[in-house]
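Structure file data25.txt; described as compact mmCIF, C-alpha atoms.
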```
# COMPACT_ATOMS: atom_id res chain seq x y z
CA GLY A 1 18.18 158.09 25.31
CA ALA A 2 19.18 159.98 28.40
CA VAL A 3 20.67 163.43 27.98
CA VAL A 4 23.46 165.08 29.88
CA SER A 5 23.94 168.76 29.18
CA GLN A 6 27.28 170.41 29.87
CA HIS A 7 27.93 174.14 29.79
CA PRO A 8 29.75 176.04 28.58
CA SER A 9 30.98 174.17 25.52
CA TRP A 10 34.05 176.36 25.38
CA VAL A 11 35.54 179.08 27.54
CA ILE A 12 38.63 181.28 27.43
CA CYS A 13 39.79 182.79 30.68
CA LYS A 14 42.73 184.75 31.99
CA SER A 15 45.36 183.08 34.11
CA GLY A 16 44.50 183.34 37.79
CA THR A 17 40.74 183.46 37.36
CA SER A 18 38.22 180.74 38.16
CA VAL A 19 35.91 178.93 35.78
CA LYS A 20 32.76 176.98 36.60
CA ILE A 21 31.52 174.15 34.40
CA GLU A 22 28.01 172.78 34.84
CA CYS A 23 26.79 169.27 34.13
CA ARG A 24 23.07 168.56 34.17
CA SER A 25 21.15 165.36 33.67
CA LEU A 26 17.99 166.42 31.85
CA ASP A 27 15.74 163.38 32.03
CA PHE A 28 17.07 161.15 34.78
CA GLN A 29 18.41 161.40 38.30
CA ALA A 30 22.17 161.10 38.30
CA THR A 31 23.23 159.55 41.55
CA THR A 32 26.84 159.46 40.38
CA MET A 33 28.69 161.90 38.17
CA PHE A 34 32.21 161.60 36.86
CA TRP A 35 34.54 164.36 35.77
CA TYR A 36 37.22 163.64 33.21
CA ARG A 37 39.98 165.63 31.63
CA GLN A 38 41.36 164.91 28.20
CA PHE A 39 44.55 166.43 26.80
CA PRO A 40 45.14 166.38 23.03
CA LYS A 41 45.66 162.90 21.60
CA GLN A 42 45.21 161.31 25.01
CA SER A 43 42.40 159.34 26.57
CA LEU A 44 39.98 160.49 29.21
CA MET A 45 41.56 160.71 32.62
CA LEU A 46 39.21 160.39 35.54
CA MET A 47 39.57 163.34 37.87
CA ALA A 48 36.90 162.65 40.44
CA THR A 49 33.70 160.81 41.17
CA SER A 50 30.87 162.55 42.94
CA ASN A 51 27.78 161.12 44.54
CA GLU A 52 24.82 163.35 45.24
CA GLY A 53 24.99 164.90 48.67
CA SER A 54 28.47 163.70 49.57
CA LYS A 55 32.01 164.84 49.01
CA ALA A 56 33.70 163.96 45.74
CA THR A 57 36.32 161.24 45.60
CA TYR A 58 39.39 162.55 43.80
CA GLU A 59 41.88 160.48 41.85
CA GLN A 60 45.49 160.48 42.87
CA GLY A 61 47.31 163.55 41.67
CA VAL A 62 44.20 165.69 41.28
CA GLU A 63 44.18 168.69 43.62
CA LYS A 64 40.84 168.87 45.39
CA ASP A 65 41.39 172.49 46.38
CA LYS A 66 42.00 173.47 42.78
CA PHE A 67 39.21 171.47 41.17
CA LEU A 68 36.14 172.03 43.31
CA ILE A 69 33.28 169.65 42.65
CA ASN A 70 29.78 170.16 43.94
CA HIS A 71 26.97 167.64 43.45
CA ALA A 72 24.21 169.28 45.41
CA SER A 73 21.26 167.76 43.57
CA LEU A 74 20.43 164.65 41.57
CA THR A 75 20.49 166.61 38.33
CA LEU A 76 23.40 169.00 38.71
CA SER A 77 27.11 168.76 39.34
CA THR A 78 29.61 171.57 38.92
CA LEU A 79 33.36 171.64 38.48
CA THR A 80 35.15 174.87 39.34
CA VAL A 81 38.72 175.29 38.18
CA THR A 82 40.17 177.77 40.64
CA SER A 83 43.12 180.04 39.88
CA ALA A 84 43.41 178.58 36.42
CA HIS A 85 46.78 178.39 34.69
CA PRO A 86 47.67 177.67 31.06
CA GLU A 87 48.52 174.07 31.95
CA ASP A 88 44.88 173.59 32.98
CA SER A 89 43.84 174.16 29.37
CA SER A 90 42.12 170.95 28.38
CA PHE A 91 38.87 169.28 27.36
CA TYR A 92 36.74 168.60 30.44
CA ILE A 93 33.91 166.09 30.15
CA CYS A 94 31.32 164.97 32.65
CA SER A 95 29.35 161.77 32.62
CA ALA A 96 26.48 160.56 34.73
CA THR A 97 24.84 157.33 35.73
CA ALA A 98 21.63 156.62 37.57
CA GLY A 99 23.08 153.84 39.68
CA THR A 100 25.37 150.85 39.72
CA SER A 101 22.87 148.78 37.77
CA ASN A 102 22.68 151.26 34.94
CA THR A 103 24.05 149.95 31.68
CA GLU A 104 25.45 153.20 30.43
CA ALA A 105 27.33 156.28 31.52
CA PHE A 106 25.95 159.25 29.59
CA PHE A 107 28.35 161.99 28.58
CA GLY A 108 28.02 165.71 28.36
CA GLN A 109 29.23 167.53 25.27
CA GLY A 110 32.47 168.53 26.90
CA THR A 111 34.00 171.92 27.70
CA ARG A 112 37.09 173.18 25.94
CA LEU A 113 38.94 175.36 28.45
CA THR A 114 41.71 177.65 27.26
CA VAL A 115 43.63 179.64 29.85
CA VAL A 116 45.62 182.56 28.47
CA GLY B 1 42.97 150.42 41.00
CA GLN B 2 42.44 149.42 37.42
CA ASN B 3 44.89 148.64 34.65
CA ILE B 4 43.36 148.79 31.18
CA ASP B 5 45.35 147.98 28.07
CA GLN B 6 44.40 148.36 24.43
CA PRO B 7 46.42 148.97 21.27
CA THR B 8 47.07 152.62 20.53
CA GLU B 9 46.55 152.48 16.78
CA MET B 10 45.07 150.21 14.13
CA THR B 11 44.48 150.47 10.41
CA ALA B 12 41.87 148.55 8.43
CA THR B 13 40.35 148.60 4.98
CA GLU B 14 36.89 149.81 4.10
CA GLY B 15 34.44 146.89 4.00
CA ALA B 16 36.65 144.67 6.15
CA ILE B 17 36.31 143.48 9.74
CA VAL B 18 38.49 144.71 12.59
CA GLN B 19 38.83 143.49 16.17
CA ILE B 20 40.01 145.82 18.91
CA ASN B 21 41.17 144.06 22.07
CA CYS B 22 41.10 145.28 25.64
CA THR B 23 42.52 143.64 28.75
CA TYR B 24 41.91 144.83 32.27
CA GLN B 25 42.67 144.16 35.90
CA THR B 26 40.27 145.31 38.54
CA SER B 27 39.11 144.11 41.94
CA GLY B 28 35.41 144.99 41.80
CA PHE B 29 34.44 144.47 38.18
CA ASN B 30 30.89 145.54 37.36
CA GLY B 31 30.76 145.98 33.61
CA LEU B 32 32.81 146.97 30.59
CA PHE B 33 31.89 149.67 28.10
CA TRP B 34 33.04 150.52 24.61
CA TYR B 35 32.78 154.09 23.40
CA GLN B 36 33.55 155.76 20.10
CA GLN B 37 35.12 159.19 20.09
CA HIS B 38 35.74 161.42 17.10
CA ALA B 39 38.38 164.09 17.49
CA GLY B 40 37.18 167.07 19.50
CA GLU B 41 33.91 165.44 20.46
CA ALA B 42 32.58 163.68 23.53
CA PRO B 43 32.49 159.87 23.53
CA THR B 44 29.38 158.07 22.33
CA PHE B 45 28.20 154.78 23.74
CA LEU B 46 28.62 151.64 21.67
CA SER B 47 28.17 148.63 23.92
CA TYR B 48 28.07 147.27 27.42
CA ASN B 49 29.02 143.81 28.74
CA VAL B 50 28.67 142.61 32.31
CA LEU B 51 28.27 138.86 31.69
CA ASP B 52 30.53 136.61 29.63
CA GLY B 53 29.73 136.27 25.98
CA LEU B 54 29.01 138.21 22.86
CA GLU B 55 26.68 141.19 22.53
CA GLU B 56 25.74 142.10 18.98
CA LYS B 57 24.35 145.42 17.86
CA GLY B 58 24.24 145.91 14.14
CA ARG B 59 27.74 146.19 12.69
CA PHE B 60 29.25 146.30 16.17
CA SER B 61 29.73 143.36 18.54
CA SER B 62 31.47 143.19 21.89
CA PHE B 63 32.76 140.16 23.73
CA LEU B 64 33.67 139.69 27.37
CA SER B 65 35.54 137.02 29.33
CA ARG B 66 35.61 137.97 33.00
CA SER B 67 37.89 135.10 33.98
CA LYS B 68 40.49 136.30 31.48
CA GLY B 69 39.95 140.01 32.04
CA TYR B 70 39.49 140.37 28.33
CA SER B 71 37.12 142.05 25.92
CA TYR B 72 37.07 142.87 22.26
CA LEU B 73 35.06 145.14 20.02
CA LEU B 74 34.34 143.78 16.56
CA LEU B 75 33.46 146.14 13.76
CA LYS B 76 32.09 144.65 10.54
CA GLU B 77 31.63 146.13 7.07
CA LEU B 78 33.91 149.00 7.95
CA GLN B 79 32.99 152.43 6.67
CA MET B 80 35.18 155.49 6.35
CA LYS B 81 33.13 157.21 9.07
CA ASP B 82 34.26 154.50 11.50
CA SER B 83 37.65 156.19 11.65
CA ALA B 84 37.77 157.31 15.27
CA SER B 85 39.18 156.40 18.65
CA TYR B 86 37.59 153.46 20.45
CA LEU B 87 37.70 153.57 24.20
CA CYS B 88 37.43 150.59 26.50
CA ALA B 89 36.11 151.53 29.96
CA VAL B 90 35.72 149.41 33.07
CA ARG B 91 33.29 149.99 35.92
CA ASP B 92 34.45 149.08 39.38
CA THR B 93 32.18 149.12 42.42
CA THR B 94 34.65 148.27 45.16
CA GLY B 95 33.47 149.52 48.53
CA GLY B 96 30.05 150.38 47.20
CA TYR B 97 31.36 153.32 45.18
CA GLN B 98 31.08 153.33 41.43
CA LYS B 99 34.06 154.29 39.31
CA VAL B 100 34.41 154.16 35.52
CA THR B 101 37.96 154.25 34.19
CA PHE B 102 39.01 154.47 30.56
CA GLY B 103 41.81 152.87 28.62
CA ILE B 104 44.05 155.03 26.48
CA GLY B 105 41.89 154.40 23.42
CA THR B 106 42.60 152.77 20.08
CA LYS B 107 42.80 155.12 17.14
CA LEU B 108 41.33 153.31 14.15
CA GLN B 109 42.04 154.52 10.66
CA VAL B 110 39.87 153.12 7.89
CA ILE B 111 41.46 153.34 4.46
CA PRO B 112 39.85 152.89 1.04
```

Re-express the file's structure as structure tokens.
Amino acid sequence: GAVVSQHPSWVICKSGTSVKIECRSLDFQATTMFWYRQFPKQSLMLMATSNEGSKATYEQGVEKDKFLINHASLTLSTLTVTSAHPEDSSFYICSATAGTSNTEAFFGQGTRLTVV
Amino acid sequence: GQNIDQPTEMTATEGAIVQINCTYQTSGFNGLFWYQQHAGEAPTFLSYNVLDGLEEKGRFSSFLSRSKGYSYLLLKELQMKDSASYLCAVRDTTGGYQKVTFGIGTKLQVIP
């Protein structure tokens, strides 16, 4: 099946620094990528949806200036957590689809972010 | 927006059958997914329904009724390794933009 690779799988950073998470579709062109955040014992919360070549659509309550999403190519999307704080510590997961007719959204492995 | 409801927890016995329900409300429905997620891991795909009816895949089956905004995931011959969270997700394509939103997930515990 299709593969979505997400890096890094875990990262620890100091408060106030920025962290970039990459999401790559390895064997298909991802026209749409989704970024989710998952806190312990909670479900995945959609943060934003990005379509290749256009600005991301952010969910209500998600700060677009803090969570910068770039989807510059059909195989790569990045999420940058700027000026990270301990409350941003979470599990971030990307998923990708090749189009509205696709039957599946493929997930990356997830990134465990810990801000100290 | 979307409103997705599913039970938060369920317990079932090894070898038995369990049904996990999901109800949703959305304006531009374009498919419903079920995913399995073990703690600390990314979700893995189980099934996809876009038309009414039952989709069977081995021990797992998923049913959809679009008119009722209702789906269920049926797990047969339960095994201990089936203990996990099961996530119902709905795809909406209102306005030509695709959006996949997840329910809170149902934590299933399989007991001997």

For a quick check of understanding, using all atoms listed in the file, which of B:Glu41, B:Glu77, B:Asp52, B:Glu14 has the smallest distance to chain A? B:Glu41

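Of the residues listed (B:Asn3, B:Gly31, B:Leu51, B:Leu74), B:Gly31 shows the shortest atom-to-atom separation from chain A; distances use only C-alpha atoms.
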
For chain B against chain A, which residues fall within 12 Å using all atoms listed in the file, given as an MDAnalysis selection string? chainID B and resid 1:2 4:6 8:9 28:51 84:94 96:107

Mind dumping the selected residues with C-alpha atoms as a short mmCIF file (atom, residue, chain, number, x, y, z; two decimals), in the coordinates of the input?
```
data_model
loop_
_atom_site.label_atom_id
_atom_site.label_comp_id
_atom_site.auth_asym_id
_atom_site.auth_seq_id
_atom_site.Cartn_x
_atom_site.Cartn_y
_atom_site.Cartn_z
CA GLY B 1 42.97 150.42 41.00
CA GLN B 2 42.44 149.42 37.42
CA ILE B 4 43.36 148.79 31.18
CA ASP B 5 45.35 147.98 28.07
CA GLN B 6 44.40 148.36 24.43
CA THR B 8 47.07 152.62 20.53
CA GLU B 9 46.55 152.48 16.78
CA GLY B 28 35.41 144.99 41.80
CA PHE B 29 34.44 144.47 38.18
CA ASN B 30 30.89 145.54 37.36
CA GLY B 31 30.76 145.98 33.61
CA LEU B 32 32.81 146.97 30.59
CA PHE B 33 31.89 149.67 28.10
CA TRP B 34 33.04 150.52 24.61
CA TYR B 35 32.78 154.09 23.40
CA GLN B 36 33.55 155.76 20.10
CA GLN B 37 35.12 159.19 20.09
CA HIS B 38 35.74 161.42 17.10
CA ALA B 39 38.38 164.09 17.49
CA GLY B 40 37.18 167.07 19.50
CA GLU B 41 33.91 165.44 20.46
CA ALA B 42 32.58 163.68 23.53
CA PRO B 43 32.49 159.87 23.53
CA THR B 44 29.38 158.07 22.33
CA PHE B 45 28.20 154.78 23.74
CA LEU B 46 28.62 151.64 21.67
CA SER B 47 28.17 148.63 23.92
CA TYR B 48 28.07 147.27 27.42
CA ASN B 49 29.02 143.81 28.74
CA VAL B 50 28.67 142.61 32.31
CA LEU B 51 28.27 138.86 31.69
CA ALA B 84 37.77 157.31 15.27
CA SER B 85 39.18 156.40 18.65
CA TYR B 86 37.59 153.46 20.45
CA LEU B 87 37.70 153.57 24.20
CA CYS B 88 37.43 150.59 26.50
CA ALA B 89 36.11 151.53 29.96
CA VAL B 90 35.72 149.41 33.07
CA ARG B 91 33.29 149.99 35.92
CA ASP B 92 34.45 149.08 39.38
CA THR B 93 32.18 149.12 42.42
CA THR B 94 34.65 148.27 45.16
CA GLY B 96 30.05 150.38 47.20
CA TYR B 97 31.36 153.32 45.18
CA GLN B 98 31.08 153.33 41.43
CA LYS B 99 34.06 154.29 39.31
CA VAL B 100 34.41 154.16 35.52
CA THR B 101 37.96 154.25 34.19
CA PHE B 102 39.01 154.47 30.56
CA GLY B 103 41.81 152.87 28.62
CA ILE B 104 44.05 155.03 26.48
CA GLY B 105 41.89 154.40 23.42
CA THR B 106 42.60 152.77 20.08
CA LYS B 107 42.80 155.12 17.14
#
```

Please measure the separation of atom CA of Val81 of chain A and atom CA of Lys20 of chain A, giving the value in Å to one decimal. 6.4 Å

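Non-sequential neighbours of segment 54-71 of chain B (distance at most 6 Å, separation of 4 or more positions within a chain, all atoms listed in the file) are Asn21, Cys22, Thr23, Tyr24, Leu75 and Lys76 of chain B.
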
Go ahead and dump the residues you just picked, C-alpha atoms, as a PDB file, in the coordinates of the input.
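Written out: selection32.pdb:
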```
ATOM      1  CA  ASN B  21      41.170 144.060  22.070  1.00  0.00           C
ATOM      2  CA  CYS B  22      41.100 145.280  25.640  1.00  0.00           C
ATOM      3  CA  THR B  23      42.520 143.640  28.750  1.00  0.00           C
ATOM      4  CA  TYR B  24      41.910 144.830  32.270  1.00  0.00           C
ATOM      5  CA  LEU B  75      33.460 146.140  13.760  1.00  0.00           C
ATOM      6  CA  LYS B  76      32.090 144.650  10.540  1.00  0.00           C
TER       7      LYS B  76
END
```

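The shell of residues at most 8 Å from Leu26 of chain A, with all atoms listed in the file counted and near chain neighbours (fewer than 4 positions) removed, consists of Ala2, Val3, Val4, Ser5 and Thr75 of chain A.
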
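Between atom CA of Trp10 of chain A and atom CA of Glu22 of chain A the separation is 11.8 Å.
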
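Across the structure, atom CA of Ser54 of chain A and atom CA of Asp88 of chain A are spaced 25.3 Å apart.
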
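Proximity ranking of B:Thr26, B:Gly95, B:Val110, B:Pro7 relative to Leu78 of chain B places B:Val110 first, based on all atoms listed in the file.
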
Neighbour residues at most 7 Å from (27.2, 171.8, 33.1) (all atoms listed in the file) as a ChimeraX atom specification: /A:5-8,21-24,77-78

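You can rank A:Ser83, A:Leu76, A:Arg37, A:Cys13 by their closest distance to Val62 of chain A using only C-alpha atoms, and at the top of that list sits A:Arg37.
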
Around (37.0, 156.8, 6.1) in the file's own coordinates, what residues are found within 8 Å if you use all atoms listed in the file, given back as a PDB file with C-alpha atoms, in the coordinates of the input?
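The resulting out.pdb:
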```
ATOM      1  CA  GLU B  14      36.890 149.810   4.100  1.00  0.00           C
ATOM      2  CA  GLN B  79      32.990 152.430   6.670  1.00  0.00           C
ATOM      3  CA  MET B  80      35.180 155.490   6.350  1.00  0.00           C
ATOM      4  CA  LYS B  81      33.130 157.210   9.070  1.00  0.00           C
ATOM      5  CA  ASP B  82      34.260 154.500  11.500  1.00  0.00           C
ATOM      6  CA  SER B  83      37.650 156.190  11.650  1.00  0.00           C
ATOM      7  CA  GLN B 109      42.040 154.520  10.660  1.00  0.00           C
ATOM      8  CA  VAL B 110      39.870 153.120   7.890  1.00  0.00           C
ATOM      9  CA  ILE B 111      41.460 153.340   4.460  1.00  0.00           C
ATOM     10  CA  PRO B 112      39.850 152.890   1.040  1.00  0.00           C
TER      11      PRO B 112
END
```

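Distances here use all atoms listed in the file; by that measure, the residue among A:Ile12, A:Ala98, A:Val116, A:Leu68 closest to Thr82 of chain A is A:Leu68.
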
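Checking A:Val115, A:Trp35, A:Ala96, A:Val11 one by one against Tyr58 of chain A, counting only C-alpha atoms, you find the shortest gap at A:Trp35.
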